[in-house]
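Enquirer: Next up, data22.txt (compact mmCIF, C-alpha atoms (C1' of nucleotides)).
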# COMPACT_ATOMS: atom_id res chain seq x y z
CA MET A 224 -78.51 -21.61 16.51
CA THR A 225 -78.72 -24.07 19.39
CA THR A 226 -76.29 -26.84 18.49
CA GLU A 227 -72.91 -27.30 16.91
CA GLN A 228 -71.64 -30.27 14.95
CA SER A 229 -68.47 -31.86 16.17
CA PRO A 230 -65.30 -30.68 14.48
CA ARG A 231 -63.79 -33.28 12.16
CA SER A 232 -60.16 -32.40 12.68
CA GLU A 233 -57.85 -30.78 15.15
CA SER A 234 -57.32 -27.81 12.87
CA GLU A 235 -61.06 -27.28 12.56
CA LEU A 236 -61.43 -27.44 16.33
CA VAL A 237 -58.60 -24.96 16.86
CA ALA A 238 -60.09 -22.64 14.25
CA ARG A 239 -63.43 -22.68 16.03
CA ALA A 240 -61.83 -22.00 19.37
CA THR A 241 -59.77 -19.19 17.88
CA ALA A 242 -62.97 -17.63 16.59
CA LEU A 243 -64.24 -17.43 20.17
CA ALA A 244 -61.20 -15.46 21.33
CA GLY A 245 -62.12 -11.91 22.24
CA GLU A 246 -65.78 -12.74 22.70
CA SER A 247 -67.39 -12.52 26.10
CA VAL A 248 -69.11 -15.33 27.94
CA GLY A 249 -72.39 -13.43 27.68
CA GLU A 250 -72.12 -13.06 23.91
CA ILE A 251 -71.53 -16.77 23.43
CA ALA A 252 -74.29 -17.68 25.85
CA ALA A 253 -76.73 -15.49 23.94
CA ARG A 254 -76.01 -17.34 20.70
CA PHE A 255 -77.01 -20.57 22.38
CA ASP A 256 -80.01 -19.12 24.19
CA ARG A 257 -78.50 -19.74 27.58
CA LYS A 258 -78.85 -17.43 30.51
CA THR A 259 -75.57 -16.47 32.15
CA PRO A 260 -75.65 -17.04 35.91
CA ARG A 261 -74.97 -14.01 38.08
CA THR A 262 -72.17 -15.85 39.86
CA LEU A 263 -70.53 -19.24 39.47
CA ASN A 264 -71.14 -20.00 43.12
CA LYS A 265 -73.83 -22.54 42.30
CA ALA A 266 -72.74 -23.16 38.72
CA LYS A 267 -69.05 -23.86 38.99
CA GLY A 268 -68.75 -25.75 35.73
CA TRP A 269 -71.06 -23.51 33.74
CA ILE A 270 -68.46 -21.77 31.59
CA GLY A 271 -66.78 -25.07 30.79
CA GLU A 272 -70.09 -26.51 29.65
CA LEU A 273 -70.83 -23.44 27.55
CA ILE A 274 -67.51 -23.74 25.74
CA GLU A 275 -68.12 -27.46 25.19
CA LEU A 276 -71.43 -26.56 23.61
CA ALA A 277 -69.90 -23.85 21.44
CA LEU A 278 -67.17 -26.16 20.18
CA GLY A 279 -69.31 -29.26 19.70
CA ALA A 280 -67.77 -31.55 22.32
CA THR A 281 -69.13 -35.09 22.33
CA ALA A 282 -67.97 -37.03 25.38
CA HIS A 283 -70.07 -35.47 28.07
CA SER A 284 -70.07 -37.51 31.30
CA LYS A 285 -67.86 -40.20 29.84
CA PRO A 286 -64.35 -40.93 31.15
CA VAL A 287 -62.76 -40.17 27.77
CA PRO A 288 -61.44 -37.01 26.07
CA ASP A 289 -64.14 -34.51 25.16
CA PHE A 290 -63.46 -34.84 21.45
CA GLU A 291 -63.28 -38.59 21.53
CA ASP A 292 -62.62 -39.19 17.85
CA LEU A 293 -59.85 -36.62 17.80
CA GLY A 294 -58.37 -37.69 21.13
CA ILE A 295 -58.48 -34.10 22.37
CA GLU A 296 -59.50 -32.94 25.84
CA LEU A 297 -61.01 -29.47 26.28
CA LYS A 298 -60.10 -27.48 29.36
CA THR A 299 -61.15 -23.96 30.14
CA ILE A 300 -58.54 -22.27 32.29
CA PRO A 301 -59.37 -19.35 34.57
CA LEU A 302 -56.87 -16.50 34.31
CA ASN A 303 -56.42 -13.86 36.98
CA SER A 304 -55.73 -10.18 36.32
CA ARG A 305 -52.08 -11.01 35.64
CA LEU A 306 -53.28 -13.45 32.98
CA THR A 307 -51.91 -16.47 34.79
CA PRO A 308 -53.94 -19.50 35.90
CA GLN A 309 -55.60 -18.93 39.24
CA GLU A 310 -56.93 -22.42 39.91
CA SER A 311 -55.88 -26.03 39.63
CA THR A 312 -57.33 -28.05 36.76
CA PHE A 313 -59.48 -31.10 37.39
CA VAL A 314 -58.44 -34.04 35.22
CA SER A 315 -60.42 -37.10 36.26
CA THR A 316 -61.86 -39.09 39.10
CA VAL A 317 -59.32 -41.21 40.97
CA PRO A 318 -60.08 -44.91 40.44
CA MET A 319 -60.51 -46.74 43.73
CA THR A 320 -61.19 -50.21 42.35
CA GLY A 321 -60.14 -52.14 39.28
CA LEU A 322 -56.52 -51.23 39.84
CA VAL A 323 -55.31 -54.65 38.68
CA GLY A 324 -54.02 -54.24 35.15
CA LEU A 325 -54.30 -50.48 35.33
CA ASN A 326 -51.15 -48.66 34.30
CA TRP A 327 -50.07 -45.26 33.02
CA GLU A 328 -50.33 -46.35 29.41
CA ASN A 329 -54.00 -47.33 29.68
CA CYS A 330 -55.19 -44.84 32.27
CA THR A 331 -57.68 -42.01 31.84
CA VAL A 332 -55.25 -39.33 32.98
CA LYS A 333 -52.78 -40.09 30.22
CA ALA A 334 -55.53 -40.37 27.61
CA LYS A 335 -56.86 -36.95 28.52
CA LEU A 336 -53.54 -35.15 28.91
CA ASN A 337 -52.05 -36.55 25.71
CA ARG A 338 -53.63 -33.69 23.77
CA VAL A 339 -55.39 -30.73 25.40
CA LEU A 340 -57.08 -27.66 23.99
CA TRP A 341 -56.69 -24.95 26.64
CA VAL A 342 -59.24 -22.17 26.39
CA PRO A 343 -58.36 -19.27 28.70
CA VAL A 344 -61.20 -17.38 30.32
CA GLU A 345 -60.98 -14.24 32.40
CA ALA A 346 -61.74 -14.96 36.02
CA GLY A 347 -61.97 -12.97 39.22
CA LYS A 348 -65.05 -12.14 41.22
CA ASP A 349 -64.70 -8.48 40.29
CA ILE A 350 -65.65 -9.25 36.67
CA PRO A 351 -69.31 -10.09 36.03
CA VAL A 352 -69.55 -13.57 34.55
CA ALA A 353 -71.18 -12.36 31.33
CA LYS A 354 -68.39 -9.86 30.70
CA ARG A 355 -65.53 -12.32 31.08
CA ARG A 356 -63.62 -12.62 27.83
CA ILE A 357 -62.34 -15.72 26.12
CA GLY A 358 -58.65 -15.77 25.27
CA MET A 359 -56.61 -17.30 22.46
CA PRO A 360 -56.75 -21.09 22.65
CA MET A 361 -53.66 -23.24 22.85
CA ILE A 362 -53.34 -26.81 21.65
CA TRP A 363 -50.87 -28.68 23.82
CA SER A 364 -49.19 -31.98 24.51
CA PRO A 365 -46.82 -32.60 27.41
CA SER A 366 -43.11 -32.60 26.65
CA ALA A 367 -41.31 -35.90 27.13
CA THR A 368 -39.89 -34.60 30.40
CA ASP A 369 -43.24 -33.44 31.71
CA ALA A 370 -44.92 -36.67 30.63
CA GLU A 371 -42.40 -38.60 32.71
CA ILE A 372 -43.11 -36.46 35.75
CA LEU A 373 -46.86 -36.90 35.28
CA ARG A 374 -46.38 -40.65 34.98
CA ALA A 375 -44.29 -40.79 38.14
CA ASP A 376 -46.87 -38.73 40.03
CA TRP A 377 -49.71 -40.93 38.82
CA GLU A 378 -47.86 -44.15 39.69
CA GLU A 379 -47.04 -42.88 43.17
CA HIS A 380 -50.67 -42.01 43.87
CA ILE A 381 -52.02 -45.27 42.46
CA GLU A 382 -49.52 -47.31 44.43
CA ARG A 383 -50.66 -45.73 47.67
CA ILE A 384 -54.28 -46.43 46.81
CA ALA A 385 -53.50 -50.02 45.88
CA LEU A 386 -51.85 -50.45 49.27
CA GLY A 387 -54.96 -49.16 50.99
CA ASP A 388 -53.32 -45.90 52.00
CA ILE A 389 -55.74 -43.56 50.26
CA ASP A 390 -56.38 -41.63 53.44
CA GLN A 391 -52.67 -40.90 53.79
CA ILE A 392 -52.67 -39.02 50.49
CA ASP A 393 -53.02 -35.28 50.73
CA ALA A 394 -52.74 -32.46 48.20
CA ARG A 395 -49.04 -31.96 48.90
CA PHE A 396 -48.07 -35.19 47.16
CA GLY A 397 -47.19 -35.05 43.47
CA THR A 398 -45.01 -32.66 41.49
CA TYR A 399 -47.57 -31.73 38.83
CA LEU A 400 -50.47 -34.09 39.50
CA GLN A 401 -52.13 -33.95 42.89
CA VAL A 402 -55.02 -35.78 44.54
CA ARG A 403 -57.76 -33.80 46.23
CA PRO A 404 -61.35 -34.44 47.33
CA LYS A 405 -63.94 -34.64 44.57
CA ALA A 406 -67.25 -35.18 46.24
CA PRO A 407 -70.59 -33.51 47.04
CA ASN A 408 -69.41 -33.19 50.65
CA ARG A 409 -66.97 -34.79 53.04
CA ARG A 410 -69.47 -37.36 54.27
CA GLU A 411 -69.51 -39.00 50.84
CA LEU A 412 -67.91 -42.42 50.81
CA THR A 413 -66.67 -44.76 48.12
CA LEU A 414 -65.12 -48.20 48.46
CA THR A 415 -61.49 -49.02 47.74
CA THR A 416 -59.94 -52.47 47.47
CA ASP A 417 -56.30 -52.75 48.46
CA THR A 418 -53.81 -55.35 47.23
CA SER A 419 -54.85 -57.84 49.90
CA GLY A 420 -58.50 -57.55 48.93
CA THR A 421 -59.42 -55.59 52.01
CA LEU A 422 -62.21 -53.05 51.53
CA VAL A 423 -61.42 -49.52 52.61
CA SER A 424 -64.07 -46.82 52.67
CA SER A 425 -62.95 -43.31 51.82
CA LEU A 426 -63.83 -39.90 50.46
CA PRO A 427 -63.90 -39.85 46.62
CA ARG A 428 -60.89 -38.05 45.13
CA GLY A 429 -59.91 -36.50 41.84
CA PHE A 430 -56.67 -35.98 39.98
CA TYR A 431 -55.84 -32.29 39.50
CA LEU A 432 -53.04 -30.44 37.71
CA ARG A 433 -51.45 -27.95 40.07
CA ALA A 434 -51.88 -24.32 39.10
CA SER A 435 -48.09 -24.01 39.26
CA PHE A 436 -47.91 -26.54 36.42
CA THR A 437 -50.49 -24.88 34.20
CA ARG A 438 -48.73 -21.56 34.79
CA LYS A 439 -45.60 -23.20 33.45
CA ILE A 440 -47.45 -24.59 30.43
CA LEU A 441 -48.72 -21.15 29.46
CA ALA A 442 -45.41 -19.46 30.23
CA ASP A 443 -43.55 -21.98 28.05
CA LYS A 444 -45.93 -21.32 25.21
CA TYR A 445 -45.84 -17.56 25.29
CA SER A 446 -42.15 -17.25 25.98
CA GLY A 447 -41.63 -18.54 22.46
CA CYS A 448 -43.77 -15.84 20.88
C1' DG B 59 -51.52 -14.47 46.97
C1' DG B 60 -51.14 -19.29 46.69
C1' DA B 61 -52.32 -23.84 48.12
C1' DT B 62 -55.44 -27.13 50.29
C1' DG B 63 -59.65 -29.17 51.42
C1' DA B 64 -64.68 -28.68 50.56
C1' DT B 65 -68.40 -28.12 47.70
C1' DC B 66 -72.14 -27.17 43.74
C1' DA B 67 -74.75 -28.50 39.35
C1' DT B 68 -75.90 -31.84 35.89
C1' DA B 69 -75.92 -36.26 33.06
C1' DT B 70 -76.39 -41.15 32.75
C1' DA C 188 -73.53 -44.39 42.31
C1' DT C 189 -70.12 -42.24 39.56
C1' DA C 190 -68.94 -39.68 35.75
C1' DT C 191 -68.60 -34.89 33.81
C1' DG C 192 -67.95 -29.47 34.24
C1' DA C 193 -65.01 -26.87 37.81
C1' DT C 194 -64.72 -22.86 41.60
C1' DC C 195 -65.52 -21.76 46.42
C1' DA C 196 -64.02 -20.97 51.15
C1' DT C 197 -60.52 -20.81 54.18
C1' DC C 198 -56.02 -21.18 56.04
C1' DC C 199 -51.22 -20.39 55.72
Hey, can you dump this file as structure tokens for me?

Expert:
Amino acid sequence: MTTEQSPRSESELVARATALAGESVGEIAARFDRKTPRTLNKAKGWIGELIELALGATAHSKPVPDFEDLGIELKTIPLNSRLTPQESTFVSTVPMTGLVGLNWENCTVKAKLNRVLWVPVEAGKDIPVAKRRIGMPMIWSPSATDAEILRADWEEHIERIALGDIDQIDARFGTYLQVRPKAPNRRELTLTTDTSGTLVSSLPRGFYLRASFTRKILADKYSGC
DNA sequence: GGATGATCATAT
DNA sequence: ATATGATCATCC
């Protein structure tokens, strides 16, 4: 077995992801004839790509949800020994141009966060990558309250960029959604156009969900069980 | 231990 | 060049 067809429905996708729960990264990798790296140091997205492969994701490298037809975004989420998220979650590249006409309703962040399949994976450098176990998946949409907070965060960030103030943004802005570097290195530059048409050169950034927010998402879910 | 800023691999 | 997949490295 080297490929998977795309799931045709949300329930089929969730069923597939549920079937992975309890398996180790190494077991799944073996089914797809992939060699598990010794560390993730030079393969940071490797587990995410493996799970995409195992679940039949279709949108690779496109700025749309992974399961485009279903409108569902796949996110692996690294859990520490306390089984809480230990890292922020990358959502999408921050747009630097084409901001005219861009709003929360038509943006990539909203499209991706509208429906997310979280797949927990054991993390921690003390656990060999191949032995890390997959947890029970969780299909999620933001509550109305959380969606409003995400919208406000996104609008605040985009407004700063539109004003040409990208370099005044740091990771402390935003309640749930933050902006951090997303680049090969800090010498990388991309061009921004502010509202007056002035070109501003800056480090590429990405939108990330704070770990404190994903901790809340998981806590909300499991508190009801 | 948590948050911030920096970085790595791959696809198109 | 810019999108995807994220975790690493370091400071507080």

Enquirer: Within 10 Å of (-74.7, -28.7, 42.0) (coordinates as in the file), grab all the protein and nucleic acid residues, counting only C-alpha atoms (C1' of nucleotides), and write them out as an NGL selection string.

Expert: (:A and (264-268 or 407)) or (:B and (65-68))

Enquirer: Could you dump the residues just selected with C-alpha atoms (C1' of nucleotides) as a PDB file, in the coordinates of the input?

Expert:
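Done, and the output landed in result_26.pdb:
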ATOM      1  CA  ASN A 264     -71.140 -20.000  43.120  1.00  0.00           C
ATOM      2  CA  LYS A 265     -73.830 -22.540  42.300  1.00  0.00           C
ATOM      3  CA  ALA A 266     -72.740 -23.160  38.720  1.00  0.00           C
ATOM      4  CA  LYS A 267     -69.050 -23.860  38.990  1.00  0.00           C
ATOM      5  CA  GLY A 268     -68.750 -25.750  35.730  1.00  0.00           C
ATOM      6  CA  PRO A 407     -70.590 -33.510  47.040  1.00  0.00           C
TER       7      PRO A 407
ATOM      8  C1'  DT B  65     -68.400 -28.120  47.700  1.00  0.00           C
ATOM      9  C1'  DC B  66     -72.140 -27.170  43.740  1.00  0.00           C
ATOM     10  C1'  DA B  67     -74.750 -28.500  39.350  1.00  0.00           C
ATOM     11  C1'  DT B  68     -75.900 -31.840  35.890  1.00  0.00           C
TER      12       DT B  68
END

Enquirer: Per residue of segment 345-440 of chain A within 7 Å of segment 313-327 of chain A, what are the shortest atom pair and its distance in Å to one decimal, counting only C-alpha atoms, with rows by chain and residue number, as a Markdown table?

Expert:
| residue | atom | partner | partner_atom | distance |
| --- | --- | --- | --- | --- |
| A:Arg374 | CA | A:Trp327 | CA | 6.2 |
| A:Ile384 | CA | A:Met319 | CA | 7.0 |
| A:Ala385 | CA | A:Leu322 | CA | 6.9 |
| A:Leu414 | CA | A:Met319 | CA | 6.8 |
| A:Thr415 | CA | A:Met319 | CA | 4.7 |
| A:Thr416 | CA | A:Thr320 | CA | 5.7 |
| A:Arg428 | CA | A:Val317 | CA | 5.5 |
| A:Gly429 | CA | A:Thr316 | CA | 4.2 |
| A:Phe430 | CA | A:Ser315 | CA | 5.4 |
| A:Tyr431 | CA | A:Phe313 | CA | 4.4 |
| A:Leu432 | CA | A:Phe313 | CA | 6.5 |

Enquirer: Just need the residues of chain A within 10 Å of chain C, counting all atoms listed in the file, so spit them out as a VMD selection string.

Expert: chain A and resid 263 to 273 275 282 to 287 289 298 to 301 310 to 313 315 to 316 413 427

Enquirer: Pick the closest to DA61 of chain B from A:Asp393, A:Asp443, A:Glu235, A:Asp376: which is it, counting all atoms listed in the file?

Expert: A:Asp393

Enquirer: What's around segment 359-373 of chain A at 8 Å? Count all atoms listed in the file, leave out sequence neighbours fewer than 6 positions away in its own chain, and write the answer as a list in words.

Expert: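 Using all atoms listed in the file, the neighbours found are Val237, Ala240, Thr241, Leu243, Ala244, Gly245, Leu336, Asn337, Arg338, Val339, Leu340, Trp341, Val342, Pro343, Thr398, Tyr399 and Leu400 of chain A.
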
Enquirer: Have a look at A:Ala277, A:Leu426, A:Cys330, A:Ala375 and name the one nearest to DA64 of chain B; count only C-alpha atoms (C1' of nucleotides).

Expert: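 With only C-alpha atoms (C1' of nucleotides) as the atom set, the closest residue is A:Leu426.
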